[in-house]
Amino acid sequence: MESILVERTPPVHEPIQDRVVGTVELDRVDVAPGRRLRAFTALIHCTDATLGKVALRANHSPFMEKGFPATYGDAFEWVCGDEGAEIRAELADLPLRINVHGNAFLREKGEFSHAPDPELHKALQDLGDEINEDIHEACFAFDDPDLFYPGVDDGIEPVTDEHVELVIWAMQRELLRELRMPVGWTAMDGHAASLPAVTLVDLPWRVQRALVERRRLRYQEFGIGYEQWKQGKWSLWDVPEDADWVPRRQQRLAAS
């Protein structure tokens with residue numbers, strides 16, 4: 001479901017490095033570029049704006065105090081400097097998933113539950129949005145079975161038919177967990193019936209395969225491969241800098 005802030009808040013264009021810490025939210029319409037820098041914003045917060053005390057969200061213990069409101073550029077420069085070695089190490093060993101309970105990471109196929117499912121780390125919001133854009137584009141095939149929807153020929157490990165089926169099931173679980181509300185709905189409207197989720201397995205098989213290939217590519221674009229997935233870890237420093245990169249979803253919403 002797209003939040004009301006996404007629908008009604010004007011897009012933000014100011015460069016991230018110039019903004020005061022605490023003023024960036026990745027789930028809002030924000031077209032400021034920088035793949036790694038955007039992820040960095042979700043990993044830190046300000047514990048005292050006046051003194052520019054900045055901490056990792058994971059521990060809330062300030063690692064920097066500027067004496068005046070600190071920008072994301074200030075914080076990133078500090079982390080990358082001589083004093084930031086310990087913080088850099090922490091940002092190289094981040095949990096890939098949240099809401100992981102015991103061995104319940106992958107439930108048996110066919111089981112859907114209202115219990116919290118594992119989610120990507122909040123700093124990977126842009127990755128999730130990129131995958132959602134791929135799903136959004138794939139769904140046009142329901143109206144046009146001949147839709148040109150290319151997969152990925154080079155740059156990823158090949159995916160088997162069994163893997164396609166498993167990933168499509170996992171994506172369906174996410175769609176069922178995060179049902180959308182009707183367009184124009186606001187919190188003031190109170191309760192409203194959510195819209196039904198699309199059935200991804202009804203997409204043409206070639207589109208399902210292309211969607212799964214794109215998903216694997218999106219993870220790779222954030223420095224996450226099979227080993228990181230298996231270990232449940234990711235590193236900010238494996239995320240390419242990509243200084244000019246802006247998520248497609250942010251661009252689409254800003255344009256509308």
# chains A, B, ... in the order shown; residues from 1 in each chain; ligands from 1
>>> residues_around(residues="region 37-53 of chain A", least_positions_apart="3", cutoff="7 Å", atoms="only C-alpha atoms", output="ChimeraX atom specification")
/A:21-22,24,34,56-57,62,64-70,72,122-124
>>> closest_atom_pairs(of="region 43-143 of chain A", to="region 208-214 of chain A", cutoff="10 Å", atoms="only C-alpha atoms", output="CSV")
residue,atom,partner,partner_atom,distance
A:Glu130,CA,A:Arg214,CA,9.4
A:Ile131,CA,A:Arg214,CA,7.7
A:Asp134,CA,A:Leu211,CA,6.6
A:Ile135,CA,A:Leu211,CA,6.9
A:Glu137,CA,A:Leu211,CA,9.3
A:Ala138,CA,A:Leu211,CA,7.0
>>> write_last_selection(atoms="N, CA and C atoms", output="compact mmCIF listing (two decimals), in the first residue's frame")
# COMPACT_ATOMS: atom_id res chain seq x y z
N GLU A 130 12.37 -0.93 -6.10
CA GLU A 130 12.75 -1.33 -7.45
C GLU A 130 12.06 -2.64 -7.85
N ILE A 131 12.00 -3.59 -6.91
CA ILE A 131 11.32 -4.85 -7.19
C ILE A 131 9.82 -4.61 -7.40
N ASP A 134 9.17 -3.45 -10.83
CA ASP A 134 9.19 -4.57 -11.79
C ASP A 134 7.86 -5.32 -11.76
N ILE A 135 7.30 -5.52 -10.56
CA ILE A 135 6.00 -6.17 -10.45
C ILE A 135 4.93 -5.30 -11.11
N GLU A 137 5.21 -3.16 -13.53
CA GLU A 137 5.32 -3.22 -14.98
C GLU A 137 4.88 -4.57 -15.52
N ALA A 138 5.17 -5.64 -14.77
CA ALA A 138 4.78 -6.99 -15.22
C ALA A 138 3.26 -7.12 -15.30
>>> closest_residue(among="A:Ile87, A:Asn132, A:Gly81, A:Gly151", to="Ser61 (chain A)", atoms="only C-alpha atoms")
A:Ile87
>>> atom_distance(atom1="CA of Gln125 (chain A)", atom2="CA of Ala141 (chain A)")
25.5 Å
>>> atom_distance(atom1="CA of Ala75 (chain A)", atom2="CA of Val20 (chain A)")
9.8 Å
>>> closest_residue(among="A:Gly232, A:Gly128, A:Gly155, A:Pro240", to="Arg97 (chain A)", atoms="only C-alpha atoms")
A:Gly232
>>> select_by_dssp(residues="region 59-255 of chain A", states="alpha helix (DSSP H)", output="ChimeraX atom specification")
/A:72-80,85-90,125-138,161-177,205-221,226-231,248-255
>>> residues_around(residues="Arg252 (chain A)", least_positions_apart="5", cutoff="10 Å", atoms="only C-alpha atoms", output="ChimeraX atom specification")
/A:29,31,133,247
>>> select_by_dssp(residues="region 30-191 of chain A", states="strand (DSSP E or B)", output="ChimeraX atom specification")
/A:30,44-48,53-56,62-65,71,94-95,97-98,119-120
>>> write_last_selection(atoms="N, CA and C atoms", output="PDB file, in the first residue's frame")
ATOM      1  N   ASP A  30      11.071  11.172  -2.924  1.00  0.00           N
ATOM      2  CA  ASP A  30      12.348  11.859  -2.775  1.00  0.00           C
ATOM      3  C   ASP A  30      13.223  11.473  -3.962  1.00  0.00           C
ATOM      4  N   ILE A  44      21.274   6.054  10.066  1.00  0.00           N
ATOM      5  CA  ILE A  44      21.659   6.976  11.131  1.00  0.00           C
ATOM      6  C   ILE A  44      20.471   7.851  11.517  1.00  0.00           C
ATOM      7  N   HIS A  45      20.555   8.451  12.679  1.00  0.00           N
ATOM      8  CA  HIS A  45      19.555   9.431  13.088  1.00  0.00           C
ATOM      9  C   HIS A  45      20.205  10.428  14.039  1.00  0.00           C
ATOM     10  N   CYS A  46      19.476  11.494  14.340  1.00  0.00           N
ATOM     11  CA  CYS A  46      20.005  12.558  15.191  1.00  0.00           C
ATOM     12  C   CYS A  46      19.411  12.425  16.580  1.00  0.00           C
ATOM     13  N   THR A  47      20.253  12.380  17.597  1.00  0.00           N
ATOM     14  CA  THR A  47      19.767  12.291  18.974  1.00  0.00           C
ATOM     15  C   THR A  47      19.653  13.667  19.631  1.00  0.00           C
ATOM     16  N   ASP A  48      20.318  14.670  19.070  1.00  0.00           N
ATOM     17  CA  ASP A  48      20.212  16.049  19.545  1.00  0.00           C
ATOM     18  C   ASP A  48      20.511  16.949  18.357  1.00  0.00           C
ATOM     19  N   LYS A  53      24.291  15.807  17.295  1.00  0.00           N
ATOM     20  CA  LYS A  53      24.695  14.474  17.747  1.00  0.00           C
ATOM     21  C   LYS A  53      24.052  13.431  16.829  1.00  0.00           C
ATOM     22  N   VAL A  54      24.886  12.615  16.203  1.00  0.00           N
ATOM     23  CA  VAL A  54      24.414  11.626  15.237  1.00  0.00           C
ATOM     24  C   VAL A  54      24.793  10.233  15.711  1.00  0.00           C
ATOM     25  N   ALA A  55      23.854   9.304  15.609  1.00  0.00           N
ATOM     26  CA  ALA A  55      24.067   7.930  16.069  1.00  0.00           C
ATOM     27  C   ALA A  55      23.562   6.953  15.019  1.00  0.00           C
ATOM     28  N   LEU A  56      24.039   5.718  15.126  1.00  0.00           N
ATOM     29  CA  LEU A  56      23.451   4.650  14.332  1.00  0.00           C
ATOM     30  C   LEU A  56      22.081   4.330  14.908  1.00  0.00           C
ATOM     31  N   PRO A  62      25.535   8.209  20.208  1.00  0.00           N
ATOM     32  CA  PRO A  62      26.148   9.157  19.264  1.00  0.00           C
ATOM     33  C   PRO A  62      27.614   8.839  18.984  1.00  0.00           C
ATOM     34  N   PHE A  63      27.950   8.852  17.701  1.00  0.00           N
ATOM     35  CA  PHE A  63      29.352   8.668  17.318  1.00  0.00           C
ATOM     36  C   PHE A  63      29.977   9.991  16.872  1.00  0.00           C
ATOM     37  N   MET A  64      29.148  11.026  16.742  1.00  0.00           N
ATOM     38  CA  MET A  64      29.643  12.306  16.261  1.00  0.00           C
ATOM     39  C   MET A  64      28.846  13.432  16.904  1.00  0.00           C
ATOM     40  N   GLU A  65      29.525  14.537  17.213  1.00  0.00           N
ATOM     41  CA  GLU A  65      28.851  15.730  17.717  1.00  0.00           C
ATOM     42  C   GLU A  65      29.492  16.944  17.065  1.00  0.00           C
ATOM     43  N   THR A  71      24.624  17.705   8.837  1.00  0.00           N
ATOM     44  CA  THR A  71      24.028  17.218   7.600  1.00  0.00           C
ATOM     45  C   THR A  71      24.452  15.767   7.360  1.00  0.00           C
ATOM     46  N   LEU A  94      25.517  -5.756   8.402  1.00  0.00           N
ATOM     47  CA  LEU A  94      24.139  -5.394   8.699  1.00  0.00           C
ATOM     48  C   LEU A  94      23.200  -6.566   8.435  1.00  0.00           C
ATOM     49  N   PRO A  95      22.133  -6.702   9.227  1.00  0.00           N
ATOM     50  CA  PRO A  95      21.171  -7.782   8.974  1.00  0.00           C
ATOM     51  C   PRO A  95      20.399  -7.515   7.695  1.00  0.00           C
ATOM     52  N   ARG A  97      17.591  -9.027   6.867  1.00  0.00           N
ATOM     53  CA  ARG A  97      16.151  -9.120   7.117  1.00  0.00           C
ATOM     54  C   ARG A  97      15.824  -8.710   8.553  1.00  0.00           C
ATOM     55  N   ILE A  98      14.631  -8.173   8.730  1.00  0.00           N
ATOM     56  CA  ILE A  98      14.099  -7.920  10.059  1.00  0.00           C
ATOM     57  C   ILE A  98      12.849  -8.767  10.229  1.00  0.00           C
ATOM     58  N   GLU A 119      11.235  -9.075   6.567  1.00  0.00           N
ATOM     59  CA  GLU A 119      11.256  -7.959   5.627  1.00  0.00           C
ATOM     60  C   GLU A 119      12.697  -7.540   5.406  1.00  0.00           C
ATOM     61  N   LEU A 120      12.940  -6.912   4.275  1.00  0.00           N
ATOM     62  CA  LEU A 120      14.250  -6.337   4.042  1.00  0.00           C
ATOM     63  C   LEU A 120      14.549  -5.252   5.075  1.00  0.00           C
TER      64      LEU A 120
END
>>> closest_residue(among="A:Leu253, A:Leu217, A:Leu26, A:Leu203", to="Asp146 (chain A)", atoms="only C-alpha atoms")
A:Leu203
>>> closest_residue(among="A:Asp93, A:Val79, A:Trp245, A:Gln172", to="Val198 (chain A)", atoms="only C-alpha atoms")
A:Gln172
>>> atom_distance(atom1="CA of Ser235 (chain A)", atom2="CA of Arg36 (chain A)")
10.3 Å
>>> residues_around(residues="Ile224 (chain A)", least_positions_apart="6", cutoff="10 Å", atoms="only C-alpha atoms", output="PyMOL selection string")
chain A and resi 96+216-218+232-235+238-239
